[in-house]
>>> print(open('my_file.cif').read())   # mmCIF, C-alpha atoms
data_work
#
loop_
_atom_site.label_atom_id
_atom_site.label_comp_id
_atom_site.auth_asym_id
_atom_site.auth_seq_id
_atom_site.Cartn_x
_atom_site.Cartn_y
_atom_site.Cartn_z
CA MET D 196 -5.47 -8.65 4.39
CA THR D 197 -7.87 -8.74 7.25
CA SER D 198 -7.42 -6.03 9.77
CA PRO D 199 -6.98 -8.29 12.82
CA VAL D 200 -3.80 -9.66 11.34
CA ARG D 201 -2.57 -6.19 10.64
CA ALA D 202 -3.49 -5.08 14.14
CA LEU D 203 -1.65 -8.06 15.51
CA CYS D 204 1.39 -7.24 13.47
CA LEU D 205 1.29 -3.62 14.51
CA SER D 206 0.98 -4.41 18.17
CA SER D 207 3.86 -6.83 18.04
CA ARG D 208 5.92 -4.18 16.37
CA SER D 209 5.14 -1.33 18.71
CA THR D 210 5.64 -3.15 21.98
CA LYS D 211 8.25 -5.56 20.69
CA SER D 212 6.29 -8.01 22.74
CA ARG D 213 7.00 -11.62 22.05
CA LYS D 214 3.88 -12.80 23.78
CA THR D 215 1.39 -11.97 21.15
CA PRO D 216 -1.57 -14.28 21.14
CA THR D 217 -1.08 -17.13 18.76
CA VAL D 218 -4.64 -18.29 18.31
CA ARG D 219 -6.20 -17.36 15.04
CA SER D 220 -9.62 -18.00 13.69
CA PRO D 221 -9.88 -20.70 11.02
CA GLU D 222 -10.66 -18.31 8.20
CA GLN D 223 -7.59 -16.31 9.01
CA SER D 224 -5.36 -19.30 8.89
CA GLN D 225 -7.02 -20.30 5.69
CA ALA D 226 -6.55 -16.90 4.18
CA MET D 227 -2.92 -17.12 5.05
CA ARG D 228 -2.64 -20.35 3.21
CA ALA D 229 -3.96 -18.79 0.03
CA VAL D 230 -1.09 -18.97 -2.36
CA MET D 231 0.08 -15.62 -3.69
CA GLY D 232 3.24 -14.28 -5.14
CA PHE D 233 5.13 -13.71 -8.34
CA GLY D 234 7.12 -16.89 -8.47
CA ASP D 235 10.83 -16.17 -8.47
CA LEU D 236 11.23 -12.42 -8.82
CA LYS D 237 14.87 -12.85 -9.68
CA SER D 238 14.00 -14.88 -12.74
CA ALA D 239 12.63 -13.69 -16.05
CA ALA D 240 9.42 -15.66 -15.54
CA GLY D 241 8.79 -13.99 -12.20
CA LEU D 242 9.32 -10.58 -13.72
CA ARG D 243 6.84 -11.39 -16.45
CA VAL D 244 4.26 -12.26 -13.83
CA LEU D 245 4.99 -8.95 -12.10
CA ASN D 246 4.71 -7.13 -15.42
CA GLU D 247 1.37 -8.72 -16.16
CA PHE D 248 0.17 -7.96 -12.65
CA LEU D 249 1.09 -4.29 -12.91
CA ALA D 250 -0.47 -3.77 -16.34
CA ASP D 251 -3.62 -2.34 -14.81
CA LYS D 252 -2.26 -1.26 -11.44
CA SER D 253 -0.09 1.62 -10.37
CA TYR D 254 0.99 -0.02 -7.13
CA ILE D 255 1.24 -3.51 -5.70
CA GLU D 256 -1.58 -2.73 -3.29
CA GLY D 257 -4.20 0.00 -3.42
CA TYR D 258 -3.73 3.47 -4.84
CA VAL D 259 -0.79 4.80 -2.87
CA PRO D 260 2.80 3.66 -2.58
CA SER D 261 3.15 1.45 0.48
CA GLN D 262 5.43 -1.05 2.14
CA ALA D 263 4.02 -3.61 -0.26
CA ASP D 264 5.80 -1.81 -3.06
CA VAL D 265 8.97 -1.54 -1.03
CA ALA D 266 8.93 -5.25 -0.25
CA VAL D 267 8.62 -6.23 -3.89
CA PHE D 268 11.02 -3.50 -4.99
CA ASP D 269 13.66 -4.79 -2.59
CA ALA D 270 13.22 -8.31 -3.85
CA LEU D 271 14.20 -7.34 -7.36
CA SER D 272 17.83 -7.58 -8.25
CA GLY D 273 17.63 -4.46 -10.43
CA ALA D 274 15.51 -2.63 -12.93
CA PRO D 275 13.34 -4.92 -15.05
CA PRO D 276 14.23 -5.15 -18.75
CA ALA D 277 12.74 -2.51 -21.05
CA ASP D 278 10.34 -4.87 -22.79
CA LEU D 279 8.52 -5.41 -19.51
CA PHE D 280 7.36 -1.83 -19.54
CA HIS D 281 4.68 -2.17 -16.87
CA ALA D 282 7.17 -3.56 -14.40
CA LEU D 283 9.75 -0.98 -15.43
CA ARG D 284 7.31 1.91 -15.07
CA TRP D 285 6.40 0.76 -11.60
CA TYR D 286 10.07 0.22 -10.74
CA ASN D 287 11.03 3.74 -11.78
CA HIS D 288 8.08 5.20 -9.96
CA ILE D 289 8.86 3.41 -6.71
CA LYS D 290 12.51 4.34 -7.10
CA SER D 291 11.44 7.98 -6.89
CA TYR D 292 10.23 7.27 -3.35
CA GLU D 293 13.57 5.82 -2.30
CA LYS D 294 14.18 8.52 0.29
CA GLN D 295 10.77 8.14 1.90
CA LYS D 296 10.98 4.36 1.81
CA GLY D 297 10.69 3.97 5.56
CA SER D 298 7.80 6.38 5.95
CA LEU D 299 5.52 4.81 3.37
CA PRO D 300 2.33 3.48 4.93
CA GLY D 301 1.55 -0.15 5.57
CA VAL D 302 3.38 -3.06 7.08
CA LYS D 303 5.83 -5.15 5.19
CA LYS D 304 4.70 -8.68 4.66
CA PRO D 305 6.49 -11.63 3.09
CA LEU D 306 6.47 -11.63 -0.68
CA GLY D 307 4.03 -14.48 -0.70
CA LYS D 308 1.33 -12.07 0.47
CA TYR D 309 1.41 -9.96 -2.65
CA GLY D 310 0.66 -10.38 -6.26
CA PRO D 311 -1.61 -12.67 -8.18
CA VAL D 312 -3.33 -15.52 -6.41
CA ASN D 313 -2.36 -19.08 -7.28
CA ILE D 314 1.26 -18.35 -8.06
CA GLU D 315 3.60 -19.28 -5.29
CA ASP D 316 6.41 -17.05 -4.24
CA THR D 317 9.74 -18.75 -4.71
CA THR D 318 12.04 -15.76 -4.66
CA ASP D 319 15.18 -16.76 -2.90
CA SER D 320 13.53 -19.13 -0.47
CA ALA D 321 16.55 -19.38 1.80
CA ALA D 322 17.06 -15.66 2.02
CA LYS D 323 13.39 -15.18 2.63
CA ASN D 324 13.38 -17.55 5.56
CA ALA D 325 16.30 -15.77 7.09
CA LYS D 326 14.48 -12.50 6.68
CA GLU D 327 11.38 -13.91 8.19
CA ASP D 328 13.27 -14.93 11.27
CA ASP D 329 14.46 -11.50 12.18
CA ASP D 330 11.48 -9.56 10.98
CA ASP D 331 8.90 -8.90 13.66
CA ASP D 332 6.20 -7.93 11.24
CA ILE D 333 5.94 -11.30 9.67
CA ASP D 334 6.41 -13.19 12.87
CA LEU D 335 2.87 -14.36 12.52
CA PHE D 336 3.08 -17.14 15.00
CA GLY D 337 4.65 -14.95 17.62
CA SER D 338 7.40 -15.93 20.03
CA ASP D 339 10.34 -17.60 18.43
CA ASP D 340 12.44 -17.27 21.56
CA GLU D 341 10.36 -19.07 24.12
CA GLU D 342 10.43 -22.77 23.51
CA GLU D 343 7.15 -23.39 25.24
CA GLU D 344 5.21 -20.80 23.31
CA ASN D 345 6.84 -21.94 20.16
CA GLU D 346 5.72 -25.49 20.69
CA ASP D 347 2.28 -24.27 21.48
CA ALA D 348 2.12 -22.32 18.28
CA LYS D 349 3.44 -25.27 16.37
CA ARG D 350 0.88 -27.55 17.87
CA ILE D 351 -1.94 -25.15 17.05
CA ARG D 352 -0.69 -24.76 13.59
CA GLU D 353 -0.49 -28.47 13.06
CA GLU D 354 -3.96 -28.88 14.47
CA ARG D 355 -5.30 -26.33 12.08
CA LEU D 356 -3.45 -27.88 9.21
CA ALA D 357 -4.90 -31.24 10.06
CA GLN D 358 -8.34 -29.72 10.39
CA TYR D 359 -7.98 -28.07 7.06
CA GLU D 360 -6.68 -31.19 5.43
CA SER D 361 -9.49 -33.31 6.77
CA LYS D 362 -11.99 -30.72 5.61
CA LYS D 363 -10.41 -30.75 2.23
CA SER D 364 -10.34 -34.52 2.02
CA LYS D 365 -14.00 -34.67 2.92
CA LYS D 366 -14.94 -32.47 0.05
CA PRO D 367 -14.19 -34.87 -2.81
CA ALA D 368 -16.59 -37.31 -1.13
CA LEU D 369 -19.27 -35.46 -3.03
CA ILE D 370 -18.82 -37.54 -6.15
CA ALA D 371 -21.36 -37.16 -8.89
CA LYS D 372 -23.32 -40.39 -9.16
CA SER D 373 -26.09 -41.51 -11.38
CA SER D 374 -28.69 -44.19 -11.12
CA ILE D 375 -29.27 -45.94 -14.44
CA LEU D 376 -32.03 -48.30 -15.46
CA LEU D 377 -30.95 -50.57 -18.28
CA ASP D 378 -33.08 -52.59 -20.68
CA VAL D 379 -31.26 -55.65 -21.92
CA LYS D 380 -33.00 -57.52 -24.72
CA PRO D 381 -32.38 -61.17 -25.59
CA TRP D 382 -32.39 -62.68 -29.08
CA ASP D 383 -35.51 -64.79 -28.72
CA ASP D 384 -37.76 -66.61 -26.29
CA GLU D 385 -35.26 -69.42 -25.99
CA THR D 386 -32.50 -67.29 -24.53
CA ASP D 387 -31.71 -68.32 -20.98
CA MET D 388 -32.60 -65.18 -19.05
CA ALA D 389 -31.03 -66.43 -15.82
CA LYS D 390 -27.77 -66.93 -17.65
CA LEU D 391 -28.10 -63.50 -19.26
CA GLU D 392 -28.58 -61.84 -15.93
CA GLU D 393 -25.61 -63.70 -14.55
CA CYS D 394 -23.49 -62.45 -17.42
CA VAL D 395 -24.59 -58.87 -16.91
CA ARG D 396 -23.97 -59.02 -13.19
CA SER D 397 -20.55 -60.50 -13.82
CA ILE D 398 -19.42 -57.18 -15.21
CA GLN D 399 -17.40 -55.50 -12.52
CA MET D 400 -15.91 -52.05 -12.72
CA ASP D 401 -14.63 -49.50 -10.28
CA GLY D 402 -17.55 -47.24 -9.41
CA LEU D 403 -20.26 -49.59 -10.64
CA ILE D 404 -22.83 -51.20 -8.39
CA TRP D 405 -25.58 -53.46 -9.66
CA GLY D 406 -29.01 -53.15 -8.14
CA ALA D 407 -32.37 -54.87 -8.41
CA SER D 408 -33.53 -56.46 -11.62
CA LYS D 409 -36.71 -57.92 -13.05
CA LEU D 410 -37.91 -59.59 -16.18
CA VAL D 411 -40.44 -57.62 -18.16
CA PRO D 412 -42.52 -59.39 -20.80
CA VAL D 413 -42.22 -57.79 -24.22
CA GLY D 414 -44.53 -60.05 -26.15
CA TYR D 415 -44.64 -63.50 -27.78
CA GLY D 416 -43.16 -64.98 -24.66
CA ILE D 417 -40.07 -62.88 -24.94
CA LYS D 418 -38.91 -61.11 -21.82
CA LYS D 419 -36.36 -58.40 -21.42
CA LEU D 420 -34.15 -57.88 -18.41
CA GLN D 421 -34.58 -54.57 -16.64
CA ILE D 422 -31.71 -53.95 -14.26
CA GLN D 423 -30.80 -51.06 -12.03
CA CYS D 424 -27.26 -49.85 -11.40
CA VAL D 425 -25.51 -46.95 -9.71
CA VAL D 426 -22.40 -45.50 -11.31
CA GLU D 427 -19.90 -42.81 -10.48
CA ASP D 428 -20.09 -40.40 -13.39
CA ASP D 429 -16.37 -39.89 -13.62
CA LYS D 430 -15.51 -43.56 -13.72
CA VAL D 431 -18.29 -45.29 -15.63
CA GLY D 432 -20.02 -44.09 -18.74
CA THR D 433 -23.07 -45.60 -20.36
CA ASP D 434 -21.18 -46.23 -23.56
CA VAL D 435 -18.64 -48.34 -21.71
CA LEU D 436 -21.43 -50.24 -20.04
CA GLU D 437 -23.17 -50.86 -23.32
CA GLU D 438 -20.00 -52.11 -24.88
CA LYS D 439 -19.43 -54.58 -22.07
CA ILE D 440 -22.97 -55.85 -21.98
CA THR D 441 -23.35 -56.29 -25.72
CA ALA D 442 -20.08 -58.18 -25.65
CA TYR D 443 -22.14 -61.17 -24.45
CA GLU D 444 -23.51 -61.53 -27.91
CA ASP D 445 -24.72 -65.08 -27.36
CA PHE D 446 -27.43 -63.78 -25.09
CA VAL D 447 -27.75 -60.05 -25.65
CA GLN D 448 -29.30 -58.64 -28.76
CA SER D 449 -29.31 -55.02 -27.70
CA MET D 450 -29.19 -52.74 -24.72
CA ASP D 451 -30.94 -49.47 -23.98
CA VAL D 452 -30.79 -46.93 -21.22
CA ALA D 453 -34.37 -46.79 -19.96
CA ALA D 454 -33.81 -44.14 -17.33
CA PHE D 455 -30.90 -42.04 -16.21
CA ASN D 456 -31.05 -40.04 -13.00
CA LYS D 457 -28.42 -37.97 -11.30
CA ILE D 458 -28.24 -38.63 -7.61
CA MET G 226 -18.66 22.01 -17.97
CA ALA G 227 -15.38 23.81 -17.61
CA VAL G 228 -16.78 25.94 -14.80
CA GLU G 229 -17.94 22.84 -12.95
CA GLU G 230 -14.49 21.36 -13.25
CA LEU G 231 -12.86 24.46 -11.87
CA THR G 232 -15.25 24.45 -8.93
CA ALA G 233 -14.32 20.82 -8.33
CA LEU G 234 -10.65 21.74 -8.55
CA GLU G 235 -11.22 24.55 -6.03
CA LYS G 236 -12.80 22.11 -3.61
CA CYS G 237 -10.00 19.67 -4.19
CA LEU G 238 -7.47 22.38 -3.38
CA GLY G 239 -9.46 23.54 -0.37
CA LEU G 240 -10.21 26.98 -1.77
CA LYS G 241 -13.34 29.05 -1.42
CA ALA G 242 -15.61 29.12 -4.45
CA GLY G 243 -14.76 31.92 -6.87
CA LYS G 244 -17.00 33.85 -9.21
CA TYR G 245 -17.15 32.23 -12.60
CA SER G 246 -18.83 33.08 -15.82
CA SER G 247 -18.59 31.67 -19.33
CA ARG G 248 -17.76 33.47 -22.46
CA ALA G 249 -18.38 32.14 -25.91
CA GLN G 250 -15.39 32.13 -28.16
CA GLY G 251 -16.01 30.60 -31.51
CA SER G 252 -17.71 27.29 -30.90
CA CYS G 253 -16.25 26.90 -27.40
CA GLN G 254 -17.32 28.21 -24.06
CA ILE G 255 -14.42 29.65 -22.16
CA PRO G 256 -14.55 29.95 -18.38
CA VAL G 257 -13.76 33.34 -16.87
CA LEU G 258 -12.79 33.90 -13.25
CA GLN G 259 -13.35 37.29 -11.66
CA THR G 260 -10.52 37.71 -9.16
CA ASN G 261 -10.88 39.95 -6.15
CA LYS G 262 -8.02 42.17 -7.02
CA GLY G 263 -6.77 42.58 -10.51
CA PRO G 264 -8.14 41.56 -13.85
CA SER G 265 -10.37 38.65 -14.68
CA LEU G 266 -8.73 35.49 -15.94
CA ALA G 267 -9.93 33.50 -18.89
CA GLY G 268 -9.20 29.97 -20.00
CA LEU G 269 -9.17 26.66 -18.21
CA ALA G 270 -5.41 26.16 -18.04
CA THR G 271 -4.73 29.71 -16.88
CA ILE G 272 -7.36 29.61 -14.15
CA ALA G 273 -6.22 26.18 -13.00
CA SER G 274 -2.63 27.38 -12.62
CA HIS G 275 -3.87 30.47 -10.83
CA LEU G 276 -5.92 28.39 -8.39
CA VAL G 277 -2.97 26.13 -7.60
CA THR G 278 -0.74 29.10 -6.84
CA GLN G 279 -3.55 30.64 -4.81
CA ALA G 280 -3.81 27.47 -2.71
CA ARG G 281 -0.03 27.49 -2.24
CA LYS G 282 0.21 23.99 -3.64
CA GLU G 283 2.90 24.70 -6.20
CA GLU G 284 3.97 21.07 -6.13
CA LEU G 285 0.85 20.41 -8.18
CA LEU G 286 2.41 22.37 -11.02
CA GLY G 287 5.10 19.75 -11.16
CA LYS G 288 8.84 19.84 -11.09
CA ARG G 289 8.87 20.22 -14.82
CA ARG G 290 6.29 22.91 -15.36
CA ALA G 291 6.64 22.85 -19.10
CA VAL G 292 5.40 19.27 -19.26
CA VAL G 293 2.44 20.11 -17.08
CA GLN G 294 1.64 23.16 -19.18
CA GLN G 295 1.91 21.04 -22.27
CA TRP G 296 -0.76 18.67 -20.99
CA LEU G 297 -2.96 21.53 -19.88
CA GLU G 298 -2.76 22.82 -23.38
CA TYR G 299 -3.43 19.36 -24.76
CA ARG G 300 -6.48 19.30 -22.56
CA THR G 301 -7.93 22.54 -23.99
CA THR G 302 -6.84 22.14 -27.57
CA ARG G 303 -7.39 18.46 -27.98
CA ILE G 304 -9.57 16.75 -25.40
CA ASP G 305 -12.11 19.57 -25.30
CA ARG G 306 -12.51 19.37 -29.05
CA LEU G 307 -13.11 15.69 -29.36
CA THR G 308 -16.33 15.28 -31.23
CA SER G 309 -16.42 12.06 -33.22
CA LYS G 310 -15.90 8.60 -31.82
CA GLU G 311 -12.97 8.27 -34.16
CA ASP G 312 -11.28 11.31 -32.56
CA VAL G 313 -11.77 9.91 -29.10
CA ARG G 314 -10.23 6.63 -30.12
CA THR G 315 -7.16 8.27 -31.59
CA ALA G 316 -6.68 10.44 -28.53
CA LEU G 317 -7.03 7.49 -26.18
CA LYS G 318 -4.58 5.51 -28.25
CA ASP G 319 -2.04 8.34 -28.04
CA LEU G 320 -2.52 8.69 -24.32
CA ASN G 321 -2.33 4.96 -23.87
CA SER G 322 1.10 4.76 -25.42
CA TYR G 323 2.22 7.89 -23.57
CA LEU G 324 1.17 6.49 -20.21
CA GLU G 325 2.74 3.11 -20.83
CA ASP G 326 5.86 3.97 -18.82
CA LYS G 327 4.29 6.55 -16.53
CA VAL G 328 2.30 6.49 -13.37
CA TYR G 329 1.38 10.17 -13.54
CA MET G 330 1.26 12.44 -16.57
CA ALA G 331 4.28 14.45 -15.48
CA GLY G 332 6.93 13.25 -13.10
CA ASN G 333 6.36 10.95 -10.17
CA ALA G 334 3.66 12.89 -8.38
CA ILE G 335 0.16 14.03 -9.16
CA THR G 336 -0.14 17.41 -10.91
CA VAL G 337 -2.93 19.62 -12.25
CA ALA G 338 -2.26 17.97 -15.59
CA ASP G 339 -3.52 14.69 -14.16
CA ILE G 340 -6.48 16.29 -12.46
CA LEU G 341 -7.67 18.28 -15.47
CA THR G 342 -7.06 15.49 -17.95
CA TYR G 343 -9.02 13.24 -15.64
CA TYR G 344 -11.94 15.69 -15.55
CA GLY G 345 -11.77 16.11 -19.30
CA LEU G 346 -11.66 12.41 -20.09
CA HIS G 347 -14.30 11.38 -17.59
CA PRO G 348 -17.30 11.54 -19.97
CA PHE G 349 -15.40 9.63 -22.65
CA ILE G 350 -14.12 6.92 -20.34
CA ALA G 351 -17.61 6.54 -18.90
CA ASP G 352 -18.81 5.66 -22.39
CA LEU G 353 -16.23 2.95 -22.99
CA SER G 354 -17.13 -0.71 -22.93
CA ILE G 355 -15.20 -3.09 -20.72
CA GLN G 356 -13.30 -4.38 -23.69
CA GLU G 357 -12.28 -0.88 -24.76
CA LYS G 358 -11.20 -0.06 -21.23
CA GLU G 359 -8.92 -3.04 -21.41
CA THR G 360 -7.61 -2.05 -24.79
CA TYR G 361 -6.50 1.26 -23.32
CA ILE G 362 -5.11 -0.50 -20.30
CA ASN G 363 -2.57 2.21 -19.47
CA VAL G 364 -5.18 4.94 -19.61
CA SER G 365 -7.49 2.82 -17.47
CA ARG G 366 -4.82 2.20 -14.88
CA TRP G 367 -3.91 5.86 -14.74
CA PHE G 368 -7.58 6.92 -14.65
CA SER G 369 -8.50 4.54 -11.89
CA HIS G 370 -5.44 5.68 -9.98
CA VAL G 371 -6.29 9.38 -10.30
CA GLN G 372 -9.93 8.93 -9.43
CA HIS G 373 -8.87 7.23 -6.20
CA TYR G 374 -6.48 10.02 -5.32
CA PRO G 375 -7.97 11.70 -2.24
CA GLY G 376 -10.03 14.77 -3.09
CA VAL G 377 -9.80 14.57 -6.84
CA ARG G 378 -13.01 12.86 -7.85
CA GLN G 379 -15.48 15.31 -6.21
CA HIS G 380 -18.92 15.21 -7.82
CA LEU G 381 -17.98 12.84 -10.63
CA PRO G 382 -19.19 9.27 -10.38
CA SER G 383 -16.51 6.69 -9.74
CA LEU G 384 -15.99 4.59 -12.84
CA VAL G 385 -15.58 0.88 -12.54
CA PHE G 386 -12.59 -0.97 -13.87
CA ILE G 387 -12.64 -4.71 -13.72
CA LYS G 388 -9.84 -6.06 -11.61
CA ASN G 389 -9.45 -9.35 -13.36
CA ARG G 390 -8.87 -8.78 -16.98
CA ILE G 391 -11.09 -10.67 -19.35
CA TYR G 392 -9.48 -10.04 -22.69
CA THR G 393 -5.96 -10.91 -21.68
CA ASN G 394 -4.69 -11.26 -25.22
CA VAL G 395 -5.30 -7.55 -25.90
CA HIS G 396 -2.65 -5.10 -24.79
#
>>> encode(input="my_file.cif", output="structure tokens")
Amino acid sequence: MTSPVRALCLSSRSTKSRKTPTVRSPEQSQAMRAVMGFGDLKSAAGLRVLNEFLADKSYIEGYVPSQADVAVFDALSGAPPADLFHALRWYNHIKSYEKQKGSLPGVKKPLGKYGPVNIEDTTDSAAKNAKEDDDDDIDLFGSDDEEEENEDAKRIREERLAQYESKKSKKPALIAKSSILLDVKPWDDETDMAKLEECVRSIQMDGLIWGASKLVPVGYGIKKLQIQCVVEDDKVGTDVLEEKITAYEDFVQSMDVAAFNKI
Amino acid sequence: MAVEELTALEKCLGLKAGKYSSRAQGSCQIPVLQTNKGPSLAGLATIASHLVTQARKEELLGKRRAVVQQWLEYRTTRIDRLTSKEDVRTALKDLNSYLEDKVYMAGNAITVADILTYYGLHPFIADLSIQEKETYINVSRWFSHVQHYPGVRQHLPSLVFIKNRIYTNVH
């Protein structure tokens, strides 16, 4: 965790002040949204995640026993089963610190701040919320008592959420697109090229935009249609296009991709 | 080698540097410490225990001294005589299964057994590939833990253990 958050937590603890500043920088609020946890630590699946997590670690955080270990230890309903030996080893080790529990370094954080990323903590959600309410350390938005402050914090949080959401929603706008130049060849010199072009342009798909076209003489009075189009890579493939165009078999003899450029 | 380790252990314990020499015994070099008063002491395990007592850090000898002594002996009789790659692999495999349910070698606190085994294994662990380190996951965890214990590492280079495991199907 970033030190400012820790400092904030520490100060709120030492002074018991309820007027801790509530403004956080965007990256902090984003870091806090990073999903971490072991899933439900009271379930077998959660314990397996914990076991896997502890395979190459002696402690939940760092190289000394800390409040992180205590927090997770307390969340367990008992010793893990023997087949989860990593979890059991850790459990027994932390148990040996039982008497010094309170004096271990660090600040207790909600369970969702520990463990592997991308797994959400679901241990006893109701109990956790209750704990969060009376625990100063994880009172990250400060001031539960004062309505005004609370609303302020809420508003800021919502603003940040909205900001984050909008940022997120903007991202997928970067869709991979390609510009394709197609060569469509008729059967003979008697094929109606205007009709052919009309047929091609009549093909409509999501993520397909037709562009400029021209007739290019091939020889013996035969002309081929060269037509530009822009496609979204995820939605339209050249094979699909080819299939649709050659479906007009009265006019189209064959179709080639003359050029393919990523935009 | 052994003398260097003992000097590192002295520093780790906060003792002044003692006078060491080496004596050849068979194919091995045995460290000898000349104490101020009394006779000289020979042998890694003996000197290590002496240093710990000297530094008044008896807790490093562990609550169960026999277990600690056992690992000190293992260190001198086994780890120090590892020559072939095959030997190293067998030893690491043994240690790996021993450390499966342990955080430290003996009990729930660091002891000289951990420190000396760490010193002894350092050159071997340094030679391991990432995949091997993950195969001996319990040894790796223990090793990385001990090397981060304040004061223990001294002059030895810190070895890198990848945090995100790559070969997750190996245990």
>>> resolve_selection(input="my_file.cif", expression="the PyMOL selection byres ((chain G and resi 380) around 12)", output="PyMOL selection string")
chain G and resi 229-234+236-237+344+347+372+376-379+381-383
>>> interface_residues(input="my_file.cif", of="chain D", to="chain G", cutoff="12 Å", atoms="only C-alpha atoms", output="PyMOL selection string")
chain D and resi 246-254+256-260+277-293+311-312
>>> write_last_selection(input="my_file.cif", atoms="C-alpha atoms", output="PDB file, in the coordinates of the input")
ATOM      1  CA  ASN D 246       4.710  -7.130 -15.420  1.00  0.00           C
ATOM      2  CA  GLU D 247       1.370  -8.720 -16.160  1.00  0.00           C
ATOM      3  CA  PHE D 248       0.170  -7.960 -12.650  1.00  0.00           C
ATOM      4  CA  LEU D 249       1.090  -4.290 -12.910  1.00  0.00           C
ATOM      5  CA  ALA D 250      -0.470  -3.770 -16.340  1.00  0.00           C
ATOM      6  CA  ASP D 251      -3.620  -2.340 -14.810  1.00  0.00           C
ATOM      7  CA  LYS D 252      -2.260  -1.260 -11.440  1.00  0.00           C
ATOM      8  CA  SER D 253      -0.090   1.620 -10.370  1.00  0.00           C
ATOM      9  CA  TYR D 254       0.990  -0.020  -7.130  1.00  0.00           C
ATOM     10  CA  GLU D 256      -1.580  -2.730  -3.290  1.00  0.00           C
ATOM     11  CA  GLY D 257      -4.200   0.000  -3.420  1.00  0.00           C
ATOM     12  CA  TYR D 258      -3.730   3.470  -4.840  1.00  0.00           C
ATOM     13  CA  VAL D 259      -0.790   4.800  -2.870  1.00  0.00           C
ATOM     14  CA  PRO D 260       2.800   3.660  -2.580  1.00  0.00           C
ATOM     15  CA  ALA D 277      12.740  -2.510 -21.050  1.00  0.00           C
ATOM     16  CA  ASP D 278      10.340  -4.870 -22.790  1.00  0.00           C
ATOM     17  CA  LEU D 279       8.520  -5.410 -19.510  1.00  0.00           C
ATOM     18  CA  PHE D 280       7.360  -1.830 -19.540  1.00  0.00           C
ATOM     19  CA  HIS D 281       4.680  -2.170 -16.870  1.00  0.00           C
ATOM     20  CA  ALA D 282       7.170  -3.560 -14.400  1.00  0.00           C
ATOM     21  CA  LEU D 283       9.750  -0.980 -15.430  1.00  0.00           C
ATOM     22  CA  ARG D 284       7.310   1.910 -15.070  1.00  0.00           C
ATOM     23  CA  TRP D 285       6.400   0.760 -11.600  1.00  0.00           C
ATOM     24  CA  TYR D 286      10.070   0.220 -10.740  1.00  0.00           C
ATOM     25  CA  ASN D 287      11.030   3.740 -11.780  1.00  0.00           C
ATOM     26  CA  HIS D 288       8.080   5.200  -9.960  1.00  0.00           C
ATOM     27  CA  ILE D 289       8.860   3.410  -6.710  1.00  0.00           C
ATOM     28  CA  LYS D 290      12.510   4.340  -7.100  1.00  0.00           C
ATOM     29  CA  SER D 291      11.440   7.980  -6.890  1.00  0.00           C
ATOM     30  CA  TYR D 292      10.230   7.270  -3.350  1.00  0.00           C
ATOM     31  CA  GLU D 293      13.570   5.820  -2.300  1.00  0.00           C
ATOM     32  CA  PRO D 311      -1.610 -12.670  -8.180  1.00  0.00           C
ATOM     33  CA  VAL D 312      -3.330 -15.520  -6.410  1.00  0.00           C
TER      34      VAL D 312
END
>>> atom_distance(input="my_file.cif", atom1="CA of Asp401 (chain D)", atom2="CA of Met450 (chain D)")
20.8 Å
>>> resolve_selection(input="my_file.cif", expression="the PyMOL selection byres ((chain D and resi 304-306) around 7)", output="CSV table (one decimal) with C-alpha atoms, in the frame of the given file")
chain,number,residue,atom,x,y,z
D,232,GLY,CA,3.2,-14.3,-5.1
D,266,ALA,CA,8.9,-5.2,-0.2
D,267,VAL,CA,8.6,-6.2,-3.9
D,302,VAL,CA,3.4,-3.1,7.1
D,303,LYS,CA,5.8,-5.2,5.2
D,307,GLY,CA,4.0,-14.5,-0.7
D,308,LYS,CA,1.3,-12.1,0.5
D,309,TYR,CA,1.4,-10.0,-2.6
D,316,ASP,CA,6.4,-17.0,-4.2
D,332,ASP,CA,6.2,-7.9,11.2
D,333,ILE,CA,5.9,-11.3,9.7
>>> closest_residue(input="my_file.cif", among="D:Leu391, D:Leu377, D:Leu245, D:Leu410", to="Cys424 (chain D)", atoms="only C-alpha atoms")
D:Leu377
>>> closest_residue(input="my_file.cif", among="D:Ala263, D:Val425, D:Leu271, D:Ile440", to="Leu242 (chain D)", atoms="all atoms listed in the file")
D:Leu271
>>> axis_aligned_box(input="my_file.cif", around="region 406-414 of chain D", padding_each_side="3 Å", output="AutoDock Vina command-line options")
--center_x -36.8 --center_y -56.6 --center_z -17.1 --size_x 21.5 --size_y 12.9 --size_z 24.0
>>> resolve_selection(input="my_file.cif", expression="the PyMOL selection byres ((chain D and resi 453) around 10)", output="ChimeraX atom specification")
/D:375-379,421-423,450-452,454-455
